[in-house]
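Novice: Pasting final_16.cif here (mmCIF, C-alpha atoms):
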data_model
#
loop_
_atom_site.label_atom_id
_atom_site.label_comp_id
_atom_site.auth_asym_id
_atom_site.auth_seq_id
_atom_site.Cartn_x
_atom_site.Cartn_y
_atom_site.Cartn_z
CA MET A 1 0.00 0.00 0.00
CA ASN A 2 1.58 3.25 -1.14
CA LEU A 3 -0.22 5.88 0.88
CA MET A 4 1.80 8.86 -0.22
CA ARG A 5 2.98 7.80 -3.67
CA VAL A 6 2.26 10.37 -6.39
CA TYR A 7 0.67 8.36 -9.20
CA HIS A 8 -0.79 11.29 -11.09
CA HIS A 9 1.32 14.40 -11.30
CA PRO A 10 -0.14 17.56 -12.85
CA ILE A 11 3.04 18.34 -14.77
CA LEU A 12 5.04 15.10 -14.94
CA GLY A 13 1.98 13.06 -15.91
CA ASN A 14 1.06 9.58 -14.77
CA LEU A 15 3.53 7.24 -13.16
CA LYS A 16 4.53 4.52 -15.61
CA LYS A 17 4.34 0.91 -14.53
CA GLN A 18 7.32 0.24 -12.29
CA LYS A 19 9.07 -2.94 -11.35
CA LYS A 20 8.23 -3.79 -7.76
CA VAL A 21 10.73 -4.86 -5.13
CA LYS A 22 10.29 -5.99 -1.54
CA ILE A 23 12.13 -4.31 1.27
CA TYR A 24 12.04 -4.85 5.01
CA PHE A 25 12.17 -1.98 7.46
CA ASP A 26 12.46 -3.11 11.08
CA ASN A 27 11.25 -6.58 10.01
CA GLN A 28 8.12 -5.24 8.40
CA GLN A 29 7.75 -5.76 4.68
CA TYR A 30 7.15 -2.81 2.37
CA GLU A 31 6.69 -2.56 -1.35
CA ALA A 32 9.02 -0.29 -3.29
CA PHE A 33 9.64 0.50 -6.93
CA GLU A 34 12.93 -0.12 -8.63
CA GLY A 35 14.80 3.18 -8.72
CA ASP A 36 13.38 4.36 -5.39
CA THR A 37 15.78 5.38 -2.70
CA ILE A 38 15.18 3.81 0.70
CA ALA A 39 13.89 7.17 1.90
CA SER A 40 11.48 7.69 -1.00
CA ALA A 41 10.17 4.13 -0.81
CA LEU A 42 9.47 4.39 2.91
CA LEU A 43 7.98 7.87 2.63
CA ALA A 44 5.68 6.61 -0.12
CA SER A 45 4.57 3.90 2.30
CA GLY A 46 3.83 6.45 4.99
CA VAL A 47 6.94 5.82 7.11
CA ARG A 48 8.19 9.19 8.27
CA VAL A 49 10.32 8.20 11.25
CA LEU A 50 13.53 6.54 10.07
CA ARG A 51 15.26 6.45 13.42
CA LEU A 52 15.28 7.73 16.98
CA HIS A 53 18.04 9.98 18.24
CA GLU A 54 20.58 7.92 20.17
CA ASP A 55 20.67 10.18 23.23
CA ASN A 56 17.15 11.52 23.56
CA GLY A 57 14.95 9.20 21.55
CA THR A 58 13.45 12.01 19.50
CA PRO A 59 12.22 10.94 16.07
CA ARG A 60 14.18 11.71 12.90
CA GLY A 61 13.43 11.31 9.22
CA ILE A 62 14.34 12.90 5.91
CA TYR A 63 15.88 16.33 6.42
CA CYS A 64 18.07 17.49 3.54
CA ASN A 65 17.44 14.53 1.21
CA ILE A 66 20.69 15.19 -0.70
CA GLY A 67 23.13 13.22 1.44
CA HIS A 68 24.43 16.25 3.28
CA CYS A 69 23.06 16.01 6.80
CA PHE A 70 23.11 12.30 7.75
CA GLU A 71 19.74 12.66 9.48
CA CYS A 72 18.25 9.72 7.56
CA ARG A 73 21.03 7.29 8.48
CA VAL A 74 19.88 3.71 8.84
CA ARG A 75 21.42 0.24 9.05
CA VAL A 76 21.25 -1.65 5.77
CA ASN A 77 22.01 -5.38 5.62
CA GLY A 78 24.08 -5.03 8.80
CA LYS A 79 26.02 -1.98 7.65
CA ASN A 80 25.76 1.12 9.83
CA THR A 81 25.36 4.77 8.88
CA VAL A 82 23.89 4.30 5.44
CA ARG A 83 22.06 7.34 4.12
CA ALA A 84 18.52 6.34 3.20
CA CYS A 85 18.15 9.33 0.89
CA LEU A 86 21.02 8.28 -1.40
CA THR A 87 20.79 4.51 -1.37
CA PRO A 88 18.68 2.80 -4.05
CA VAL A 89 16.46 -0.04 -2.88
CA GLU A 90 17.27 -3.63 -3.74
CA ASN A 91 15.03 -6.64 -3.50
CA ASP A 92 14.97 -8.21 -0.01
CA MET A 93 16.99 -5.36 1.44
CA ARG A 94 16.88 -5.38 5.22
CA ILE A 95 16.79 -1.93 6.76
CA GLU A 96 16.88 -1.19 10.47
CA SER A 97 16.20 2.12 12.15
CA GLY A 98 18.54 3.74 14.64
CA ILE A 99 17.56 3.18 18.22
CA PHE A 100 17.38 5.15 21.42
CA LEU A 101 20.26 4.13 23.69
CA HIS A 102 18.83 4.24 27.18
CA LYS A 103 20.85 6.23 29.63
CA THR A 104 22.25 4.19 32.47
CA MET B 1 9.41 28.85 19.82
CA SER B 2 11.77 28.88 22.77
CA GLU B 3 15.52 28.57 22.47
CA SER B 4 15.43 25.22 24.22
CA GLN B 5 13.30 23.87 21.35
CA ILE B 6 15.52 25.16 18.55
CA ILE B 7 18.09 22.55 17.59
CA VAL B 8 21.28 23.91 16.07
CA CYS B 9 23.24 20.67 15.78
CA ARG B 10 20.85 17.92 14.77
CA CYS B 11 23.38 15.09 14.89
CA GLU B 12 24.18 15.61 18.57
CA GLU B 13 20.88 17.35 19.36
CA ILE B 14 22.35 20.53 20.82
CA THR B 15 19.90 23.37 21.29
CA LEU B 16 20.34 27.09 20.71
CA LYS B 17 19.91 27.55 24.48
CA GLU B 18 22.82 25.21 25.28
CA ILE B 19 25.10 26.92 22.77
CA LYS B 20 24.21 30.43 23.93
CA GLU B 21 24.71 29.49 27.58
CA THR B 22 28.09 27.96 26.79
CA ILE B 23 29.26 31.04 24.90
CA GLU B 24 28.03 33.39 27.61
CA HIS B 25 29.42 31.39 30.49
CA PHE B 26 32.84 30.56 29.09
CA LYS B 27 33.29 33.51 26.68
CA CYS B 28 34.72 31.02 24.29
CA SER B 29 35.59 30.48 20.66
CA SER B 30 33.51 28.32 18.35
CA ARG B 31 36.10 25.59 18.63
CA GLU B 32 35.64 25.56 22.40
CA VAL B 33 31.85 25.54 21.98
CA LYS B 34 32.27 22.49 19.79
CA LEU B 35 34.48 20.71 22.31
CA ARG B 36 32.25 21.57 25.27
CA THR B 37 28.86 20.77 23.74
CA ARG B 38 29.75 18.31 20.95
CA ALA B 39 27.86 20.54 18.49
CA GLY B 40 29.43 19.88 15.10
CA MET B 41 30.95 16.53 16.04
CA GLY B 42 28.22 14.23 14.77
CA PRO B 43 28.09 12.03 11.70
CA CYS B 44 27.59 14.94 9.29
CA GLY B 45 30.92 16.42 10.41
CA GLY B 46 29.47 19.83 11.22
CA ARG B 47 28.37 20.52 7.68
CA THR B 48 24.91 21.54 8.83
CA CYS B 49 25.69 23.64 11.90
CA ARG B 50 29.28 24.87 11.57
CA SER B 51 28.42 28.26 10.07
CA MET B 52 25.61 28.78 12.59
CA ILE B 53 27.93 28.14 15.52
CA ASP B 54 30.54 30.52 14.07
CA GLN B 55 27.88 33.15 13.62
CA LEU B 56 26.45 32.74 17.13
CA VAL B 57 29.92 33.09 18.65
CA ALA B 58 30.58 36.23 16.60
CA GLU B 59 27.20 37.74 17.55
CA LEU B 60 27.65 37.10 21.24
CA GLY B 61 30.98 38.84 21.51
CA GLY B 62 33.35 36.06 20.66
CA PRO B 63 36.06 36.24 18.02
CA GLN B 64 34.77 37.68 14.75
CA ILE B 65 34.48 35.49 11.68
CA THR B 66 37.64 35.77 9.62
CA ASN B 67 38.91 34.07 6.52
CA GLU B 68 40.65 31.60 8.73
CA VAL B 69 38.03 29.01 9.56
CA PRO B 70 37.72 28.67 13.36
CA LEU B 71 36.07 25.27 13.15
CA SER B 72 38.61 23.45 11.10
CA PHE B 73 37.93 21.16 8.21
CA ARG B 74 40.10 18.09 8.39
CA PRO B 75 40.54 15.16 6.11
CA PRO B 76 38.64 13.10 5.22
CA VAL B 77 36.33 15.85 4.01
CA ARG B 78 33.46 13.40 3.67
CA PRO B 79 32.62 10.99 6.48
CA VAL B 80 34.29 7.66 5.74
CA SER B 81 33.95 4.46 7.73
CA PHE B 82 36.97 2.79 9.27
CA GLY B 83 36.11 -0.27 7.22
CA LEU B 84 36.50 1.67 4.00
CA LEU B 85 39.83 3.10 5.16
CA GLY B 86 40.93 -0.41 5.99
CA GLY B 87 40.31 -1.64 2.48
CA GLU B 88 36.74 -2.90 2.67
CA THR B 89 35.37 -2.95 -0.84
CA THR B 90 31.59 -3.03 -0.49
#
If you convert what's in this file into structure tokens, what do you get?
Specialist:
Amino acid sequence: MNLMRVYHHPILGNLKKQKKVKIYFDNQQYEAFEGDTIASALLASGVRVLRLHEDNGTPRGIYCNIGHCFECRVRVNGKNTVRACLTPVENDMRIESGIFLHKT
Amino acid sequence: MSESQIIVCRCEEITLKEIKETIEHFKCSSREVKLRTRAGMGPCGGRTCRSMIDQLVAELGGPQITNEVPLSFRPPVRPVSFGLLGGETT
């Protein structure tokens, strides 16, 4: 279900048929289109919180969307600090959000 | 919006209030602000907040902004993982 996907754009026209891929974000399956970035695929599915701030647990998502700010960093297939806004989706990609590290 | 709600450094979540208090209390340079608060030391390498910190320090009576960059840029210019430096290929 692509809640926020733009299928009909007033200037760019209708979205052509895209090849679908499956991605997993925090073990939940989402549908993405080939050519999506992780950030665009998740945003299209209504996921706005990509991680929680390590110290305070405040939610973070897309901020600059050009790879500048590292706000959208996620863990992809076990690799840390991957920018969701620059990384194209691949089938069966496993994405994990950053977590709040409880203060001891 | 209060100064305690305005985040200057998003990586380390440092607010405008914290930065202003640090500058006022220690009368310090932007480099010292960085070392005291960690603003500018997150994964983005200060690319988002560096100029704001410099400007705040200048506005609040610290050293003026000159052509010499107070918050230094050091190699690597882009954040690189240790794995990549160690020869990891993927």
Novice: For a quick test of understanding: name the residues of chain A lying within 12 Å of chain B when counting only C-alpha atoms, and present them as a ChimeraX atom specification.
Specialist: /A:51-61,63-64,67-73,77,79-83
Novice: Deliver the residues from the most recent selection as a file, using C-alpha atoms, as a compact mmCIF listing (two decimals), in the frame of the given file.
Specialist:
# COMPACT_ATOMS: atom_id res chain seq x y z
CA ARG A 51 15.26 6.45 13.42
CA LEU A 52 15.28 7.73 16.98
CA HIS A 53 18.04 9.98 18.24
CA GLU A 54 20.58 7.92 20.17
CA ASP A 55 20.67 10.18 23.23
CA ASN A 56 17.15 11.52 23.56
CA GLY A 57 14.95 9.20 21.55
CA THR A 58 13.45 12.01 19.50
CA PRO A 59 12.22 10.94 16.07
CA ARG A 60 14.18 11.71 12.90
CA GLY A 61 13.43 11.31 9.22
CA TYR A 63 15.88 16.33 6.42
CA CYS A 64 18.07 17.49 3.54
CA GLY A 67 23.13 13.22 1.44
CA HIS A 68 24.43 16.25 3.28
CA CYS A 69 23.06 16.01 6.80
CA PHE A 70 23.11 12.30 7.75
CA GLU A 71 19.74 12.66 9.48
CA CYS A 72 18.25 9.72 7.56
CA ARG A 73 21.03 7.29 8.48
CA ASN A 77 22.01 -5.38 5.62
CA LYS A 79 26.02 -1.98 7.65
CA ASN A 80 25.76 1.12 9.83
CA THR A 81 25.36 4.77 8.88
CA VAL A 82 23.89 4.30 5.44
CA ARG A 83 22.06 7.34 4.12
Novice: For atom CA of Gly78 of chain A and atom CA of Ile62 of chain A, determine how far apart the two atoms are, in Å to one decimal place.
Specialist: 20.6 Å
Novice: Just how far from atom CA of Ser97 of chain A is atom CA of Phe25 of chain A, in Å to one decimal?
Specialist: 7.4 Å
Novice: Suppose a student applies the PyMOL selection byres ((chain B and resi 27) around 9) to this structure; what residues should they get, written as a PyMOL selection string?
Specialist: chain B and resi 22-26+28-29+57+60-62
Novice: How about saving the chosen residues, C-alpha atoms kept, as a PDB file, in the frame of the given file?
Specialist:
ATOM      1  CA  THR B  22      28.090  27.960  26.790  1.00  0.00           C
ATOM      2  CA  ILE B  23      29.260  31.040  24.900  1.00  0.00           C
ATOM      3  CA  GLU B  24      28.030  33.390  27.610  1.00  0.00           C
ATOM      4  CA  HIS B  25      29.420  31.390  30.490  1.00  0.00           C
ATOM      5  CA  PHE B  26      32.840  30.560  29.090  1.00  0.00           C
ATOM      6  CA  CYS B  28      34.720  31.020  24.290  1.00  0.00           C
ATOM      7  CA  SER B  29      35.590  30.480  20.660  1.00  0.00           C
ATOM      8  CA  VAL B  57      29.920  33.090  18.650  1.00  0.00           C
ATOM      9  CA  LEU B  60      27.650  37.100  21.240  1.00  0.00           C
ATOM     10  CA  GLY B  61      30.980  38.840  21.510  1.00  0.00           C
ATOM     11  CA  GLY B  62      33.350  36.060  20.660  1.00  0.00           C
TER      12      GLY B  62
END
Novice: Applying the PyMOL selection byres ((chain B and resi 33) around 10) to the file I just gave you, which residues come out? Please list them as a list in words.
Specialist: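 After applying the PyMOL selection byres ((chain B and resi 33) around 10), what remains is Glu18, Ile19, Lys20, Glu21, Thr22, Ile23, Phe26, Lys27, Cys28, Ser29, Ser30, Arg31, Glu32, Lys34, Leu35, Arg36, Thr37, Arg38, Ala39, Gly40, Ile53, Asp54, Val57 and Leu71 of chain B.
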Novice: I want to know what sits within 10 Å of Lys20 of chain A, based on only C-alpha atoms, with residues of the same chain fewer than 5 positions away left out; could you give that as a list in words?
Specialist: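 My list of contacting residues is Glu31, Ala32, Phe33, Glu34, Gly35, Asp36, Glu90 and Asn91 of chain A.
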Novice: Dump C-alpha atoms for the selected residues as a short mmCIF file (atom, residue, chain, number, x, y, z; two decimals), in the frame of the given file?
Specialist:
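The resulting file, again_27.cif, is reproduced below:
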data_model
loop_
_atom_site.label_atom_id
_atom_site.label_comp_id
_atom_site.auth_asym_id
_atom_site.auth_seq_id
_atom_site.Cartn_x
_atom_site.Cartn_y
_atom_site.Cartn_z
CA GLU A 31 6.69 -2.56 -1.35
CA ALA A 32 9.02 -0.29 -3.29
CA PHE A 33 9.64 0.50 -6.93
CA GLU A 34 12.93 -0.12 -8.63
CA GLY A 35 14.80 3.18 -8.72
CA ASP A 36 13.38 4.36 -5.39
CA GLU A 90 17.27 -3.63 -3.74
CA ASN A 91 15.03 -6.64 -3.50
#
Novice: By how many Å are atom CA of Ile6 of chain B and atom CA of Met41 of chain B apart?
Specialist: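 We find that atom CA of Ile6 of chain B and atom CA of Met41 of chain B lie 17.9 Å from each other.
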Novice: Translate the PyMOL selection byres ((chain A and resi 85) around 6) into a concrete residue list for this structure, as a PyMOL selection string.
Specialist: chain A and resi 37+39+65+83-84+86-87
Novice: Mind writing the picked residues with C-alpha atoms as an mmCIF file, in the coordinates of the input?
Specialist:
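Writing done, so here's part.cif:
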data_model
loop_
_atom_site.group_PDB
_atom_site.id
_atom_site.type_symbol
_atom_site.label_atom_id
_atom_site.label_comp_id
_atom_site.auth_asym_id
_atom_site.auth_seq_id
_atom_site.Cartn_x
_atom_site.Cartn_y
_atom_site.Cartn_z
ATOM 1 C CA THR A 37 15.780 5.380 -2.700
ATOM 2 C CA ALA A 39 13.890 7.170 1.900
ATOM 3 C CA ASN A 65 17.440 14.530 1.210
ATOM 4 C CA ARG A 83 22.060 7.340 4.120
ATOM 5 C CA ALA A 84 18.520 6.340 3.200
ATOM 6 C CA LEU A 86 21.020 8.280 -1.400
ATOM 7 C CA THR A 87 20.790 4.510 -1.370
#
Novice: When distances are computed from only C-alpha atoms, which of A:Val89, A:Leu101, A:Leu12, A:Leu50 shows the smallest separation from Asp26 of chain A?
Specialist: A:Leu50
Novice: Extending 5 Å beyond the listed atoms of segment 4-21 of chain A on each side, what axis-aligned box results? I want centre and edge lengths in Å to one decimal, as JSON.
Specialist:
{"center_x": 5.0, "center_y": 6.7, "center_z": -8.1, "size_x": 21.5, "size_y": 33.2, "size_z": 25.7}
Novice: List the spatial neighbours of Arg5 of chain A as a list in words - criterion: any atom at most 12 Å away, only C-alpha atoms, same-chain residues fewer than 2 positions off excluded.
Specialist: Met1, Asn2, Leu3, Tyr7, His8, His9, Asn14, Leu15, Glu31, Ala32, Phe33, Asp36, Ser40, Ala41, Leu42, Leu43, Ala44, Ser45, Gly46 and Val47 of chain A
Novice: Kindly indicate which residue among A:Ile99, A:Met93, A:Met4, A:Ile66 lies nearest to Ile23 of chain A, using all atoms listed in the file for the distances.
Specialist: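 Of A:Ile99, A:Met93, A:Met4, A:Ile66, the one nearest Ile23 of chain A is A:Met93, counting all atoms listed in the file.
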